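Q: The file below is protein_26.txt, compact mmCIF, C-alpha atoms:
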```
# COMPACT_ATOMS: atom_id res chain seq x y z
CA MET A 1 -41.22 -49.30 99.87
CA LEU A 2 -42.56 -45.80 99.46
CA MET A 3 -39.71 -44.73 97.19
CA GLU A 4 -40.27 -47.83 95.06
CA ALA A 5 -44.02 -47.26 94.93
CA LEU A 6 -43.59 -43.67 93.74
CA ARG A 7 -40.82 -44.40 91.25
CA GLY A 8 -41.98 -43.26 87.82
CA PHE A 9 -44.64 -40.94 89.28
CA GLU A 10 -42.32 -38.03 90.09
CA GLN A 11 -44.29 -35.70 87.77
CA LYS A 12 -47.55 -36.50 89.58
CA PHE A 13 -46.37 -36.70 93.20
CA ASP A 14 -43.87 -34.55 95.04
CA TYR A 15 -42.66 -36.05 98.27
CA ALA A 16 -40.09 -35.72 101.00
CA ILE A 17 -38.90 -38.35 103.45
CA TYR A 18 -37.72 -37.57 106.95
CA SER A 19 -36.75 -39.74 109.86
CA HIS A 20 -36.64 -38.96 113.56
CA ASP A 21 -34.76 -40.55 116.41
CA GLY A 22 -33.90 -40.02 120.05
CA ASP A 23 -31.53 -37.19 119.14
CA ASP A 24 -33.30 -35.28 116.36
CA VAL A 25 -36.87 -34.32 115.50
CA LEU A 26 -36.37 -34.38 111.72
CA ASN A 27 -33.55 -35.77 109.65
CA GLU A 28 -34.07 -34.97 105.98
CA LEU A 29 -33.50 -38.03 103.81
CA VAL A 30 -35.26 -36.99 100.59
CA PRO A 31 -36.07 -33.30 100.06
CA PHE A 32 -39.15 -32.17 98.14
CA GLY A 33 -38.41 -32.11 94.41
CA ALA A 34 -35.37 -34.38 94.64
CA PRO A 35 -36.47 -38.02 94.59
CA PRO A 36 -33.72 -40.63 94.33
CA ALA A 37 -32.83 -41.18 90.67
CA ASP A 38 -31.92 -44.83 90.86
CA GLU A 39 -31.55 -47.89 93.04
CA LYS A 40 -28.11 -46.82 94.26
CA GLU A 41 -29.50 -43.52 95.60
CA ARG A 42 -32.44 -45.34 97.23
CA LEU A 43 -29.97 -47.69 98.95
CA LYS A 44 -28.00 -44.70 100.29
CA ILE A 45 -31.19 -43.32 101.81
CA VAL A 46 -32.07 -46.62 103.45
CA SER A 47 -28.50 -46.85 104.78
CA LYS A 48 -28.84 -43.38 106.34
CA MET A 49 -32.06 -44.46 108.05
CA LEU A 50 -30.39 -47.56 109.43
CA ALA A 51 -27.36 -45.65 110.69
CA SER A 52 -29.60 -43.08 112.37
CA ALA A 53 -31.53 -45.79 114.21
CA GLN A 54 -28.38 -47.64 115.27
CA PHE A 55 -26.35 -44.74 116.58
CA CYS A 56 -28.86 -42.33 118.10
CA GLY A 57 -29.45 -41.77 121.79
CA THR A 58 -32.52 -43.08 123.56
CA GLY A 59 -35.69 -41.04 123.49
CA ASP A 60 -38.66 -40.45 121.29
CA ASN A 61 -39.42 -37.54 119.01
CA THR A 62 -42.41 -39.13 117.28
CA LEU A 63 -44.98 -36.47 118.16
CA PRO A 64 -42.84 -33.40 117.42
CA ALA A 65 -41.72 -35.08 114.18
CA ILE A 66 -45.34 -35.61 113.11
CA GLU A 67 -46.22 -32.01 113.96
CA ARG A 68 -43.22 -30.61 112.09
CA ALA A 69 -43.89 -32.88 109.08
CA CYS A 70 -47.52 -31.75 108.96
CA GLU A 71 -46.43 -28.12 109.07
CA ARG A 72 -43.86 -28.61 106.28
CA VAL A 73 -46.25 -30.52 104.05
CA GLY A 74 -49.18 -28.22 104.70
CA THR A 75 -47.15 -25.15 103.74
CA SER A 76 -45.19 -26.72 100.87
CA GLY A 77 -47.23 -25.07 98.13
CA PRO A 78 -50.42 -25.72 96.18
CA ALA A 79 -51.51 -29.35 95.85
CA ASP A 80 -54.64 -31.44 95.41
CA ASP A 81 -53.95 -33.34 98.65
CA TYR A 82 -51.44 -33.28 101.46
CA PHE A 83 -50.36 -36.48 103.22
CA VAL A 84 -48.08 -37.30 106.12
CA PHE A 85 -47.45 -40.95 106.77
CA ALA A 86 -45.70 -41.58 110.07
CA PHE A 87 -44.29 -44.98 110.98
CA SER A 88 -43.67 -45.99 114.58
CA ASP A 89 -42.99 -49.09 116.65
CA ALA A 90 -45.87 -48.17 118.99
CA ASN A 91 -43.57 -48.03 122.01
CA PHE A 92 -45.45 -45.00 123.32
CA ALA A 93 -46.00 -45.99 126.96
CA ARG A 94 -42.25 -46.26 127.54
CA TYR A 95 -41.89 -42.54 126.78
CA GLY A 96 -45.13 -41.39 128.40
CA LEU A 97 -46.88 -40.65 125.10
CA THR A 98 -50.67 -40.91 125.03
CA GLY A 99 -53.26 -41.55 122.36
CA GLN A 100 -54.67 -38.06 122.94
CA ALA A 101 -51.25 -36.51 122.29
CA LEU A 102 -50.85 -38.61 119.14
CA GLY A 103 -54.31 -37.50 117.97
CA ARG A 104 -53.39 -33.84 118.48
CA ALA A 105 -50.13 -34.28 116.55
CA LEU A 106 -51.92 -35.99 113.65
CA ALA A 107 -54.51 -33.19 113.52
CA SER A 108 -51.98 -30.37 113.97
CA HIS A 109 -52.41 -28.98 110.45
CA GLY A 110 -55.99 -28.97 109.19
CA SER A 111 -55.23 -29.41 105.48
CA VAL A 112 -52.96 -32.43 106.00
CA ASN A 113 -54.25 -35.99 106.00
CA ALA A 114 -51.89 -37.50 108.60
CA VAL A 115 -51.92 -41.20 109.42
CA CYS A 116 -49.66 -43.12 111.78
CA PHE A 117 -48.78 -46.67 110.82
CA LEU A 118 -47.79 -48.70 113.84
CA ILE A 119 -45.33 -51.38 112.89
CA ALA A 120 -46.46 -53.30 115.89
CA THR A 121 -43.66 -54.61 117.96
CA PHE A 122 -45.89 -53.66 120.88
CA GLU A 123 -49.08 -55.20 119.52
CA ASP A 124 -51.44 -54.60 122.45
CA GLU A 125 -50.51 -50.92 122.69
CA ALA A 126 -50.80 -50.52 118.91
CA LEU A 127 -54.22 -52.16 118.75
CA ALA A 128 -55.52 -49.96 121.60
CA LEU A 129 -54.38 -46.80 119.76
CA ALA A 130 -55.96 -48.01 116.50
CA ARG A 131 -59.28 -48.64 118.27
CA GLU A 132 -59.11 -45.14 119.74
CA MET A 133 -58.43 -43.48 116.33
CA PRO A 134 -59.42 -45.88 113.54
CA ASP A 135 -59.12 -43.27 110.77
CA LYS A 136 -55.74 -41.95 111.93
CA VAL A 137 -53.89 -45.00 113.27
CA LYS A 138 -53.31 -48.21 111.34
CA VAL A 139 -51.66 -51.32 112.76
CA CYS A 140 -49.37 -53.30 110.52
CA LEU A 141 -48.52 -56.69 111.98
CA ASN A 142 -47.22 -57.98 108.66
CA LEU A 143 -45.00 -55.65 106.63
CA LYS A 144 -46.24 -57.27 103.42
CA ASP A 145 -49.59 -55.55 104.09
CA LEU A 146 -48.07 -52.08 104.25
CA PRO A 147 -48.22 -51.22 100.51
CA MET A 148 -51.93 -52.08 100.44
CA GLU A 149 -52.56 -49.97 103.54
CA LEU A 150 -50.76 -47.00 101.96
CA ARG A 151 -52.73 -47.42 98.74
CA GLN A 152 -55.95 -47.52 100.76
CA GLN A 153 -55.11 -44.15 102.32
CA PHE A 154 -54.73 -42.57 98.87
CA VAL A 155 -57.96 -44.18 97.62
CA SER A 156 -59.99 -43.10 100.62
CA SER A 157 -58.71 -39.55 100.36
CA VAL A 158 -59.69 -39.39 96.66
CA SER A 159 -63.11 -40.86 97.51
CA GLN A 160 -63.66 -38.26 100.25
CA SER A 161 -62.61 -35.43 97.93
CA SER A 162 -64.98 -36.68 95.22
CA ALA A 163 -67.88 -36.80 97.66
CA LEU A 164 -67.46 -33.11 98.54
```
For the file at hand, write its structure as structure tokens.
A:
Amino acid sequence: MLMEALRGFEQKFDYAIYSHDGDDVLNELVPFGAPPADEKERLKIVSKMLASAQFCGTGDNTLPAIERACERVGTSGPADDYFVFAFSDANFARYGLTGQALGRALASHGSVNAVCFLIATFEDEALALAREMPDKVKVCLNLKDLPMELRQQFVSSVSQSSAL
């Protein structure tokens, strides 16, 4: 969805896409400055994500992945805004991850606006985290709502910048 949303805006937005899994903290799917040129390339990227999820070992690298992404984005060069959007299934309790640890990871680089979208397969856990950090954690129970949530993050960042 993100690649589709940014298609045609490559001159305005530079982005990278990484995944993480039980084996690796960051798997580069789309490097900065090299967005997929067409639908075929976008499909290859989605296929890589799927393969990674299917064939990785158990474990969770969500928090180190967020921290590393924030560091990479925050040091990627001059920009008007820096965003990290993390997506998780909210299965944090299984791996001993806490809301406090998630909050620290999301705030790990001061110049980066990091938000975690919980694609809530574990709805109760996701809702509790969102109540704890309403500006940093968003629950998405219906994937159709995700594009609007992403757009809202951009709009609120622009609004905050304008108010300063």
Q: List the spatial neighbours of Gly33 (chain A) as an NGL selection string - criterion: any atom at most 10 Å away, only C-alpha atoms, same-chain residues fewer than 6 positions off excluded.
A: :A and (10-11 or 13-16)
Q: Find the distance between CA of Cys140 (chain A) and CA of Phe154 (chain A) and write it in Å to one decimal.
A: 16.7 Å
Q: Could you name the residues that touch region 116-126 of chain A at 10 Å or less, counting all atoms listed in the file, but leaving out those on the same chain fewer than 2 positions away, as a PyMOL selection string?
A: chain A and resi 62+66+84-93+99+102-103+106+114+128-133+135-143+146+149-150
Q: When you draw a straight line from CA of Gln153 (chain A) to CA of Lys44 (chain A), how long is it in Å?
A: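 Atom-to-atom, CA of Gln153 (chain A) to CA of Lys44 (chain A), that is 27.2 Å.
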Q: Separation of CA of Val46 (chain A) and CA of Gly77 (chain A), in Å?
A: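 Computing the Euclidean distance for CA of Val46 (chain A) and CA of Gly77 (chain A) yields 26.9 Å.
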Q: Which is closer to Gly96 (chain A) than all the others in A:Asn61, A:Ser111, A:Ser156, A:Ser76, using only C-alpha atoms?
A: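 Selected residue with least distance to Gly96 (chain A): A:Asn61.
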Q: Using all atoms listed in the file, find the one residue out of A:Val155, A:Ala69, A:Met49, A:Ala5 that sits nearest to Phe32 (chain A).
A: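 Using all atoms listed in the file, the shortest distance to Phe32 (chain A) belongs to A:Ala69.
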Q: Using only C-alpha atoms, find the one residue out of A:Leu43, A:Leu63, A:Leu6, A:Cys70 that sits nearest to Val25 (chain A).
A: A:Leu63
Q: Which residue is closest to Thr75 (chain A)? Choose from A:Leu97, A:Ala105, A:Ala51, A:Val112 and count all atoms listed in the file.
A: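 Comparing A:Leu97, A:Ala105, A:Ala51, A:Val112 against Thr75 (chain A), the winner is A:Val112.
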Q: For a quick check of understanding, using all atoms listed in the file, which of A:Gln100, A:Ser108, A:Asn113, A:Gln152 has the smallest distance to Arg68 (chain A)?
A: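 Closest to Arg68 (chain A) of all the choices is A:Ser108.
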Q: Where atoms are missing, can you supply all heavy atoms for region 131-142 of chain A and output the lot as a tab-separated table (two decimals), in the coordinates of the input?
A:
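The resulting file, selection04.tsv, is shown below:
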```tsv
chain	number	residue	atom	x	y	z
A	131	ARG	N	-57.86	-48.66	117.89
A	131	ARG	CA	-59.28	-48.64	118.27
A	131	ARG	C	-59.72	-47.24	118.67
A	131	ARG	O	-60.84	-46.82	118.39
A	131	ARG	CB	-59.55	-49.62	119.42
A	131	ARG	CG	-59.67	-51.07	118.99
A	131	ARG	CD	-60.19	-51.95	120.11
A	131	ARG	NE	-59.30	-51.99	121.26
A	131	ARG	CZ	-58.25	-52.78	121.40
A	131	ARG	NH1	-57.94	-53.65	120.45
A	131	ARG	NH2	-57.50	-52.74	122.49
A	132	GLU	N	-58.82	-46.50	119.30
A	132	GLU	CA	-59.11	-45.14	119.74
A	132	GLU	C	-59.25	-44.17	118.56
A	132	GLU	O	-60.06	-43.25	118.60
A	132	GLU	CB	-57.98	-44.68	120.66
A	132	GLU	CG	-58.24	-43.45	121.45
A	132	GLU	CD	-57.09	-43.13	122.40
A	132	GLU	OE1	-56.46	-44.06	122.95
A	132	GLU	OE2	-56.81	-41.93	122.57
A	133	MET	N	-58.44	-44.39	117.50
A	133	MET	CA	-58.43	-43.48	116.33
A	133	MET	C	-58.38	-44.29	115.04
A	133	MET	O	-57.38	-44.30	114.34
A	133	MET	CB	-57.20	-42.57	116.41
A	133	MET	CG	-57.19	-41.64	117.58
A	133	MET	SD	-55.64	-40.73	117.69
A	133	MET	CE	-54.59	-41.94	118.48
A	134	PRO	N	-59.46	-44.97	114.69
A	134	PRO	CA	-59.42	-45.88	113.54
A	134	PRO	C	-59.11	-45.22	112.20
A	134	PRO	O	-58.57	-45.86	111.31
A	134	PRO	CB	-60.80	-46.53	113.53
A	134	PRO	CG	-61.67	-45.61	114.35
A	134	PRO	CD	-60.77	-44.92	115.33
A	135	ASP	N	-59.41	-43.94	112.04
A	135	ASP	CA	-59.12	-43.27	110.77
A	135	ASP	C	-57.70	-42.69	110.72
A	135	ASP	O	-57.22	-42.33	109.64
A	135	ASP	CB	-60.11	-42.13	110.53
A	135	ASP	CG	-61.52	-42.65	110.30
A	135	ASP	OD1	-61.67	-43.81	109.88
A	135	ASP	OD2	-62.47	-41.88	110.55
A	136	LYS	N	-57.05	-42.60	111.86
A	136	LYS	CA	-55.74	-41.95	111.93
A	136	LYS	C	-54.60	-42.89	112.30
A	136	LYS	O	-53.44	-42.54	112.12
A	136	LYS	CB	-55.78	-40.81	112.97
A	136	LYS	CG	-56.65	-39.65	112.56
A	136	LYS	CD	-56.00	-38.91	111.43
A	136	LYS	CE	-56.73	-37.66	111.02
A	136	LYS	NZ	-56.06	-37.01	109.91
A	137	VAL	N	-54.92	-44.05	112.84
A	137	VAL	CA	-53.89	-45.00	113.27
A	137	VAL	C	-54.18	-46.36	112.65
A	137	VAL	O	-55.28	-46.88	112.78
A	137	VAL	CB	-53.83	-45.12	114.81
A	137	VAL	CG1	-52.83	-46.18	115.24
A	137	VAL	CG2	-53.49	-43.77	115.44
A	138	LYS	N	-53.19	-46.90	111.97
A	138	LYS	CA	-53.31	-48.21	111.34
A	138	LYS	C	-52.24	-49.13	111.91
A	138	LYS	O	-51.08	-48.72	112.05
A	138	LYS	CB	-53.13	-48.11	109.82
A	138	LYS	CG	-54.07	-47.11	109.15
A	138	LYS	CD	-55.50	-47.52	109.30
A	138	LYS	CE	-56.43	-46.48	108.67
A	138	LYS	NZ	-57.81	-46.75	108.95
A	139	VAL	N	-52.61	-50.34	112.23
A	139	VAL	CA	-51.66	-51.32	112.76
A	139	VAL	C	-51.21	-52.23	111.63
A	139	VAL	O	-52.03	-52.73	110.86
A	139	VAL	CB	-52.29	-52.16	113.89
A	139	VAL	CG1	-51.33	-53.22	114.39
A	139	VAL	CG2	-52.72	-51.25	115.03
A	140	CYS	N	-49.93	-52.42	111.54
A	140	CYS	CA	-49.37	-53.30	110.52
A	140	CYS	C	-48.57	-54.39	111.22
A	140	CYS	O	-47.45	-54.17	111.67
A	140	CYS	CB	-48.48	-52.49	109.58
A	140	CYS	SG	-47.91	-53.45	108.18
A	141	LEU	N	-49.19	-55.56	111.35
A	141	LEU	CA	-48.52	-56.69	111.98
A	141	LEU	C	-47.66	-57.46	110.99
A	141	LEU	O	-46.75	-58.17	111.38
A	141	LEU	CB	-49.56	-57.63	112.62
A	141	LEU	CG	-50.42	-56.98	113.70
A	141	LEU	CD1	-51.50	-57.95	114.16
A	141	LEU	CD2	-49.58	-56.50	114.86
A	142	ASN	N	-47.97	-57.31	109.71
A	142	ASN	CA	-47.22	-57.98	108.66
A	142	ASN	C	-46.79	-56.92	107.65
A	142	ASN	O	-47.63	-56.30	106.99
A	142	ASN	CB	-48.11	-59.04	107.99
A	142	ASN	CG	-47.38	-59.83	106.94
A	142	ASN	OD1	-46.27	-59.48	106.51
A	142	ASN	ND2	-47.99	-60.92	106.50
```
